[in-house]
Amino acid sequence: MSEGWEVVLHYAILKGGDLDNVGVVSTEIKRRLQEIGVEDDVIKKVSIICFEAEMNLASYADRGGHLKVEVKPNRVEVVVEDDGPGIEDVEKAMTPGYSTAPLWIRELGFGAGLGLPNIKEKSDVFHIESEMGKGTKIYSVVFRRKDAA
């Protein structure tokens, strides 16, 4: 595999509130990563990152968002962007158990406040930017080789 090799998987997620389809994108990404030979442990981490991102998009980003996965020889990068309401206190939102999920999400058994902490835990590199009224962007990297860090 040459150093410049990469595969870009890009998925538009256009509808907030659509919990019926949460998991469709992460399942498709998992399938595509398996097809191109990404390592199982990396696939597991990326699948969890993508699922948690899908859940957050469906729960909070009424105006939608998108998820992009780039597969490179030494890493998989995940970028999630939305134009949702933004996160008022990112530090608090990163605390396991802290949740601003609306009641309808909690009544369905979701919104336990573990999404962002799970994304960070599964990432080798994690960065989040959020601005109230403008949206949120998450950047996550999972390294493919132990020596890539």
# chains A, B, ... in the order shown; residues from 1 in each chain; ligands from 1

call {"tool": "closest_atom_pairs", "arguments": {"of": "stretch 13-44 of chain A", "to": "stretch 106-112 of chain A", "cutoff": "12 Å", "atoms": "only C-alpha atoms", "output": "tab-separated table"}}
result
residue	atom	partner	partner_atom	distance
A:Leu19	CA	A:Leu108	CA	9.6
A:Asp20	CA	A:Leu108	CA	11.3
A:Val22	CA	A:Phe110	CA	11.7

call {"tool": "select_by_dssp", "arguments": {"residues": "chain A", "states": "alpha helix (DSSP H)", "output": "NGL selection string"}}
result
:A and (24-35 or 40-60 or 90-93 or 103-107 or 115-122)

call {"tool": "closest_residue", "arguments": {"among": "A:Val90, A:Val7, A:Ile48, A:Met132", "to": "A:Ile36", "atoms": "only C-alpha atoms"}}
result
A:Val7

call {"tool": "residues_around", "arguments": {"residues": "A:His127", "least_positions_apart": "6", "cutoff": "8 Å", "atoms": "only C-alpha atoms", "output": "list of chain:residue names"}}
result
A:Ile138, A:Tyr139, A:Ser140

call {"tool": "write_last_selection", "arguments": {"atoms": "C-alpha atoms", "output": "PDB file, in the first residue's frame"}}
result
ATOM      1  CA  ILE A 138     -15.905  16.358  16.228  1.00  0.00           C
ATOM      2  CA  TYR A 139     -12.572  15.104  14.918  1.00  0.00           C
ATOM      3  CA  SER A 140     -11.506  11.590  15.895  1.00  0.00           C
TER       4      SER A 140
END

call {"tool": "residues_around", "arguments": {"residues": "A:Asn21", "least_positions_apart": "3", "cutoff": "12 Å", "atoms": "only C-alpha atoms", "output": "PyMOL selection string"}}
result
chain A and resi 13-18+24-28+51+54-55+57-59

call {"tool": "write_last_selection", "arguments": {"atoms": "C-alpha atoms", "output": "compact mmCIF listing (two decimals), in the first residue's frame"}}
result
# COMPACT_ATOMS: atom_id res chain seq x y z
CA ILE A 13 -27.28 12.57 7.81
CA LEU A 14 -30.06 14.94 6.96
CA LYS A 15 -32.75 14.45 9.56
CA GLY A 16 -32.57 15.08 13.26
CA GLY A 17 -35.03 13.11 15.38
CA ASP A 18 -34.83 10.03 13.16
CA VAL A 24 -27.60 2.42 9.57
CA VAL A 25 -24.56 4.57 8.79
CA SER A 26 -22.26 2.94 11.37
CA THR A 27 -23.28 -0.52 10.11
CA GLU A 28 -22.52 0.48 6.52
CA PHE A 51 -22.81 5.01 16.19
CA GLU A 54 -25.26 9.14 14.72
CA MET A 55 -27.13 9.05 18.00
CA LEU A 57 -27.04 13.83 15.39
CA ALA A 58 -30.48 12.23 15.65
CA SER A 59 -30.95 13.50 19.21

call {"tool": "closest_residue", "arguments": {"among": "A:Lys72, A:Lys30, A:His10, A:Lys44", "to": "A:Lys122", "atoms": "only C-alpha atoms"}}
result
A:Lys44

call {"tool": "atom_distance", "arguments": {"atom1": "atom CA of A:Thr95", "atom2": "atom CA of A:Arg63"}}
result
25.4 Å
